[in-house]
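Engineer: Below: one structure in structure tokens.
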Amino acid sequence: MQDYLLVIIVGTLTGTLTRIVLLRVDYHQYPGYPHGYIVHLSLGFVASALGAVAVPALMDKEYTAFTFLALAAQQFSEIRNQERRTLESLEESELVQRGKDYIEGIARTFEGRNYLVMSTAFITALATQLGMNSPVGWLLGIVVGTIMMIISRIFMSGKTLGDICEVRPAKLRFEGATLWVDDIAIFNVGLKDRRKKILQDGLAVMIHPKDDNARATIHDMGQRNVIAHTVSVILGSKKDIDIPDFTPILRKDPDTGKVALYVMPVEKDMQALIESVRRTPVLETAFRKPLATKAGRAAAD
């Protein structure tokens with residue numbers, strides 16, 4: 001094992017650094033700091049060590065040692081379930097909730113990053129071992145590890161709403177007691193002082209899908225919940241338990257598929273609203289590709 005010490009160190013270090021790069025504790029992730037960092041980085045270190053140690057086992061033909069990778073996969077799956085349960089319990093205290101689809105997406109990401117880290121550590125350790133028998137030495141492992149870190153970062157970036165939709169400013173208005181965002185009716189507001197407050201402090205945008213794939217994606221209610229939650233976290237929300245009229249709401253035009261968003265932000269900044277909507281992640285469970293099917297292509301033609 002002493003002969004493989006450098007291989008294990010390089011692989012484990014690269015995998016742990018990859019987890020640090022992927023560690024984005026921001027508005028849509030759980031948990032916060034400092035305990036969140038400890039949990040994420042500890043699991044990243046364990047996954048990295050498992051991936052790196054697999055290389056010496058492979059070199060010494062200890063194939064039975066690979067069974068611990070299957071055990072690690074089971075543990076990561078259980079961690080994903082635990083993450084889901086934790087987020088679901090926190091959901092009860094959220095005024096603007098994430099929604100089940102978003103929670104499932106976060107839990108999947110949490111699990112998937114551990115697999116990425118393990119793979120990065122394994123490939124880096126393997127490259128280091130192969131490099132030890134060549135003139136380049138352990139530097140090959142450093143180069144391969146850097147490439148794997150970049151690939152992992154790109155792989156986990158994901159699509160955002162701005163990639164599939166155009167977000168434009170919209171106007172709030174009332175017709176009687178009905179609140180409208182441009183030509184889409186939102187809901188009725190009975191109190192006159194609430195109507196005045198909404199026109200004074202409210203903001204609205206219109207989300208236009210770029211194609212039929214995007215139209216199907218923003219049709220999903222889980223995706224719309226994510227948009228409302230993201231905007232509320234970034235800009236704040238004046239919604240409270242006893243003020244349902246200030247709840248961020250999205251409504252769809254059934255004819256065109258465009259979606260109107262109404263929000264009562266703490267920070268009334270239209271540009272920030274547009275940018276927060278554009279940066280909202282597209283959920284894997286909501287992303288649809290009807291144009292990739294034969295029937296969808298025929299309908300588009």
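Each chain of the structure tokens is named A, B, ... in the order shown, its residues numbered from 1; ligands are numbered from 1 in display order.
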Determine, counting only C-alpha atoms, which protein, DNA and RNA residues have an atom within 8 Å of an atom of Val266 in chain A; residues of the same chain fewer than 5 positions away are not included. Present the result as number ranges by chain.
Structural biologist: A: 235-238
Engineer: Let me see the file: selected residues, N, CA, C and O atoms, as a PDB file, in the first residue's frame.
Structural biologist:
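Result written to result-v3.pdb:
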```pdb
ATOM      1  N   LEU A 235     -35.497  38.594  -4.342  1.00  0.00           N
ATOM      2  CA  LEU A 235     -36.040  39.944  -4.200  1.00  0.00           C
ATOM      3  C   LEU A 235     -36.806  40.140  -2.892  1.00  0.00           C
ATOM      4  O   LEU A 235     -37.176  41.267  -2.558  1.00  0.00           O
ATOM      5  N   GLY A 236     -37.063  39.064  -2.163  1.00  0.00           N
ATOM      6  CA  GLY A 236     -37.921  39.155  -0.991  1.00  0.00           C
ATOM      7  C   GLY A 236     -39.381  39.167  -1.406  1.00  0.00           C
ATOM      8  O   GLY A 236     -39.715  39.367  -2.574  1.00  0.00           O
ATOM      9  N   SER A 237     -40.267  38.944  -0.461  1.00  0.00           N
ATOM     10  CA  SER A 237     -41.698  38.942  -0.741  1.00  0.00           C
ATOM     11  C   SER A 237     -42.450  39.591   0.414  1.00  0.00           C
ATOM     12  O   SER A 237     -42.135  39.344   1.589  1.00  0.00           O
ATOM     13  N   LYS A 238     -43.451  40.397   0.093  1.00  0.00           N
ATOM     14  CA  LYS A 238     -44.284  41.025   1.110  1.00  0.00           C
ATOM     15  C   LYS A 238     -45.427  40.117   1.556  1.00  0.00           C
ATOM     16  O   LYS A 238     -46.238  40.519   2.380  1.00  0.00           O
TER      17      LYS A 238
END
```
Engineer: Which residues come within 12 Å of Ala214 in chain A, counting only C-alpha atoms, excluding same-chain residues fewer than 2 positions away, as number ranges by chain?
Structural biologist: A: 159-166, 207-212, 216-220, 223, 256-259, 282-283, 286-291
Engineer: Neighbours of range 8-15 of chain A within 6 Å (only C-alpha atoms; same-chain residues fewer than 2 positions away dropped), as a compact mmCIF listing (two decimals) with all heavy atoms, in the first residue's frame?
Structural biologist:
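The resulting selection07.txt:
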```txt
# COMPACT_ATOMS: atom_id res chain seq x y z
N LEU A 5 0.69 5.19 -2.06
CA LEU A 5 0.33 6.31 -1.18
C LEU A 5 0.15 7.60 -1.98
O LEU A 5 -0.84 8.32 -1.78
CB LEU A 5 1.39 6.49 -0.10
CG LEU A 5 1.09 7.61 0.92
CD1 LEU A 5 -0.21 7.31 1.65
CD2 LEU A 5 2.25 7.74 1.91
N LEU A 6 1.08 7.89 -2.89
CA LEU A 6 0.97 9.11 -3.69
C LEU A 6 -0.26 9.07 -4.59
O LEU A 6 -0.95 10.08 -4.75
CB LEU A 6 2.23 9.29 -4.53
CG LEU A 6 2.27 10.55 -5.42
CD1 LEU A 6 2.18 11.81 -4.56
CD2 LEU A 6 3.53 10.56 -6.28
N LEU A 17 -11.25 18.53 -3.88
CA LEU A 17 -11.26 19.86 -4.51
C LEU A 17 -12.44 19.99 -5.47
O LEU A 17 -13.05 21.06 -5.58
CB LEU A 17 -9.94 20.12 -5.24
CG LEU A 17 -8.72 20.36 -4.36
CD1 LEU A 17 -7.46 20.47 -5.22
CD2 LEU A 17 -8.91 21.63 -3.53
N THR A 18 -12.76 18.90 -6.17
CA THR A 18 -13.92 18.92 -7.07
C THR A 18 -15.19 19.17 -6.28
O THR A 18 -16.06 19.94 -6.70
CB THR A 18 -14.03 17.59 -7.82
OG1 THR A 18 -12.85 17.37 -8.58
CG2 THR A 18 -15.24 17.59 -8.75
N SER A 48 -14.24 10.64 -2.36
CA SER A 48 -12.94 10.75 -3.03
C SER A 48 -12.00 9.63 -2.60
O SER A 48 -11.31 9.02 -3.43
CB SER A 48 -12.31 12.11 -2.73
OG SER A 48 -13.14 13.16 -3.13
N ALA A 49 -11.97 9.39 -1.29
CA ALA A 49 -11.09 8.33 -0.78
C ALA A 49 -11.49 6.97 -1.33
O ALA A 49 -10.63 6.16 -1.71
CB ALA A 49 -11.13 8.32 0.75
N ALA A 52 -10.32 6.77 -4.96
CA ALA A 52 -8.86 6.67 -5.09
C ALA A 52 -8.34 5.31 -4.66
O ALA A 52 -7.44 4.74 -5.29
CB ALA A 52 -8.20 7.79 -4.28
N VAL A 53 -8.89 4.77 -3.58
CA VAL A 53 -8.43 3.48 -3.07
C VAL A 53 -8.80 2.35 -4.03
O VAL A 53 -8.16 1.28 -4.01
CB VAL A 53 -9.05 3.24 -1.67
CG1 VAL A 53 -8.78 1.82 -1.20
CG2 VAL A 53 -8.47 4.24 -0.67
N VAL A 117 -17.69 13.06 -7.79
CA VAL A 117 -16.45 13.18 -7.02
C VAL A 117 -15.72 11.84 -6.98
O VAL A 117 -14.49 11.78 -7.15
CB VAL A 117 -16.78 13.67 -5.59
CG1 VAL A 117 -15.60 13.46 -4.66
CG2 VAL A 117 -17.17 15.13 -5.61
N THR A 120 -14.16 11.22 -10.38
CA THR A 120 -13.01 12.10 -10.59
C THR A 120 -11.79 11.56 -9.84
O THR A 120 -10.67 11.53 -10.38
CB THR A 120 -13.33 13.52 -10.10
OG1 THR A 120 -14.40 14.05 -10.88
CG2 THR A 120 -12.11 14.43 -10.24
N ALA A 121 -11.98 11.15 -8.59
CA ALA A 121 -10.88 10.62 -7.79
C ALA A 121 -10.33 9.34 -8.40
O ALA A 121 -9.10 9.14 -8.46
CB ALA A 121 -11.35 10.37 -6.36
N THR A 124 -8.45 10.17 -11.74
CA THR A 124 -7.21 10.89 -11.43
C THR A 124 -6.17 9.95 -10.83
O THR A 124 -4.98 9.98 -11.20
CB THR A 124 -7.50 12.03 -10.45
OG1 THR A 124 -8.45 12.93 -11.02
CG2 THR A 124 -6.23 12.80 -10.12
N ALA A 125 -6.60 9.10 -9.89
CA ALA A 125 -5.68 8.15 -9.27
C ALA A 125 -5.14 7.17 -10.31
O ALA A 125 -3.95 6.80 -10.30
CB ALA A 125 -6.38 7.41 -8.15
N GLY A 145 -6.67 15.26 -13.47
CA GLY A 145 -7.55 15.71 -12.40
C GLY A 145 -8.14 17.07 -12.68
O GLY A 145 -9.34 17.31 -12.42
```
Engineer: To one decimal in Å, tell me the separation between CA of Thr128 in chain A and CA of Leu140 in chain A.
Structural biologist: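 One can read the CA of Thr128 in chain A to CA of Leu140 in chain A distance as 5.9 Å.
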Engineer: Range 90-121 of chain A near range 66-85 of chain A within 7 Å: what's each residue's closest atom pair and its distance in Å to one decimal, counting only C-alpha atoms, ordered by chain then ascending residue number, as JSON lines?
Structural biologist:
```
{"residue": "A:Ile103", "atom": "CA", "partner": "A:Arg84", "partner_atom": "CA", "distance": 6.3}
{"residue": "A:Glu104", "atom": "CA", "partner": "A:Arg84", "partner_atom": "CA", "distance": 6.5}
{"residue": "A:Ala107", "atom": "CA", "partner": "A:Arg80", "partner_atom": "CA", "distance": 5.1}
{"residue": "A:Arg108", "atom": "CA", "partner": "A:Arg80", "partner_atom": "CA", "distance": 6.5}
{"residue": "A:Phe110", "atom": "CA", "partner": "A:Arg80", "partner_atom": "CA", "distance": 6.5}
{"residue": "A:Glu111", "atom": "CA", "partner": "A:Arg80", "partner_atom": "CA", "distance": 5.5}
```
Engineer: Mind writing the picked residues with all heavy atoms as a compact mmCIF listing (two decimals), in the first residue's frame?
Structural biologist:
```txt
# COMPACT_ATOMS: atom_id res chain seq x y z
N ILE A 103 -37.56 19.92 -4.59
CA ILE A 103 -36.91 19.17 -3.52
C ILE A 103 -36.28 17.89 -4.07
O ILE A 103 -35.14 17.55 -3.72
CB ILE A 103 -37.94 18.83 -2.42
CG1 ILE A 103 -38.31 20.11 -1.65
CG2 ILE A 103 -37.40 17.77 -1.47
CD1 ILE A 103 -39.40 19.91 -0.62
N GLU A 104 -36.99 17.20 -4.95
CA GLU A 104 -36.45 15.98 -5.54
C GLU A 104 -35.22 16.30 -6.38
O GLU A 104 -34.23 15.54 -6.38
CB GLU A 104 -37.52 15.30 -6.41
CG GLU A 104 -37.08 13.99 -7.04
CD GLU A 104 -36.74 12.93 -6.01
OE1 GLU A 104 -37.31 12.96 -4.90
OE2 GLU A 104 -35.87 12.07 -6.32
N ALA A 107 -32.26 16.87 -4.04
CA ALA A 107 -31.80 15.60 -3.48
C ALA A 107 -31.02 14.79 -4.51
O ALA A 107 -29.99 14.19 -4.20
CB ALA A 107 -33.00 14.79 -2.98
N ARG A 108 -31.49 14.78 -5.76
CA ARG A 108 -30.76 14.08 -6.82
C ARG A 108 -29.39 14.69 -7.05
O ARG A 108 -28.40 13.98 -7.25
CB ARG A 108 -31.57 14.12 -8.11
CG ARG A 108 -32.77 13.21 -8.16
CD ARG A 108 -33.43 13.28 -9.52
NE ARG A 108 -34.61 12.44 -9.61
CZ ARG A 108 -35.34 12.30 -10.70
NH1 ARG A 108 -35.01 12.96 -11.81
NH2 ARG A 108 -36.42 11.53 -10.70
N PHE A 110 -27.61 16.33 -4.89
CA PHE A 110 -26.77 16.00 -3.74
C PHE A 110 -26.13 14.63 -3.91
O PHE A 110 -24.94 14.43 -3.65
CB PHE A 110 -27.63 16.05 -2.48
CG PHE A 110 -26.85 15.95 -1.21
CD1 PHE A 110 -26.18 17.06 -0.71
CD2 PHE A 110 -26.79 14.77 -0.49
CE1 PHE A 110 -25.46 16.98 0.47
CE2 PHE A 110 -26.08 14.68 0.68
CZ PHE A 110 -25.41 15.79 1.17
N GLU A 111 -26.93 13.66 -4.37
CA GLU A 111 -26.42 12.31 -4.59
C GLU A 111 -25.48 12.26 -5.79
O GLU A 111 -24.40 11.66 -5.74
CB GLU A 111 -27.58 11.34 -4.79
CG GLU A 111 -27.15 9.90 -5.05
CD GLU A 111 -28.33 8.99 -5.39
OE1 GLU A 111 -29.42 9.52 -5.67
OE2 GLU A 111 -28.14 7.77 -5.39
```
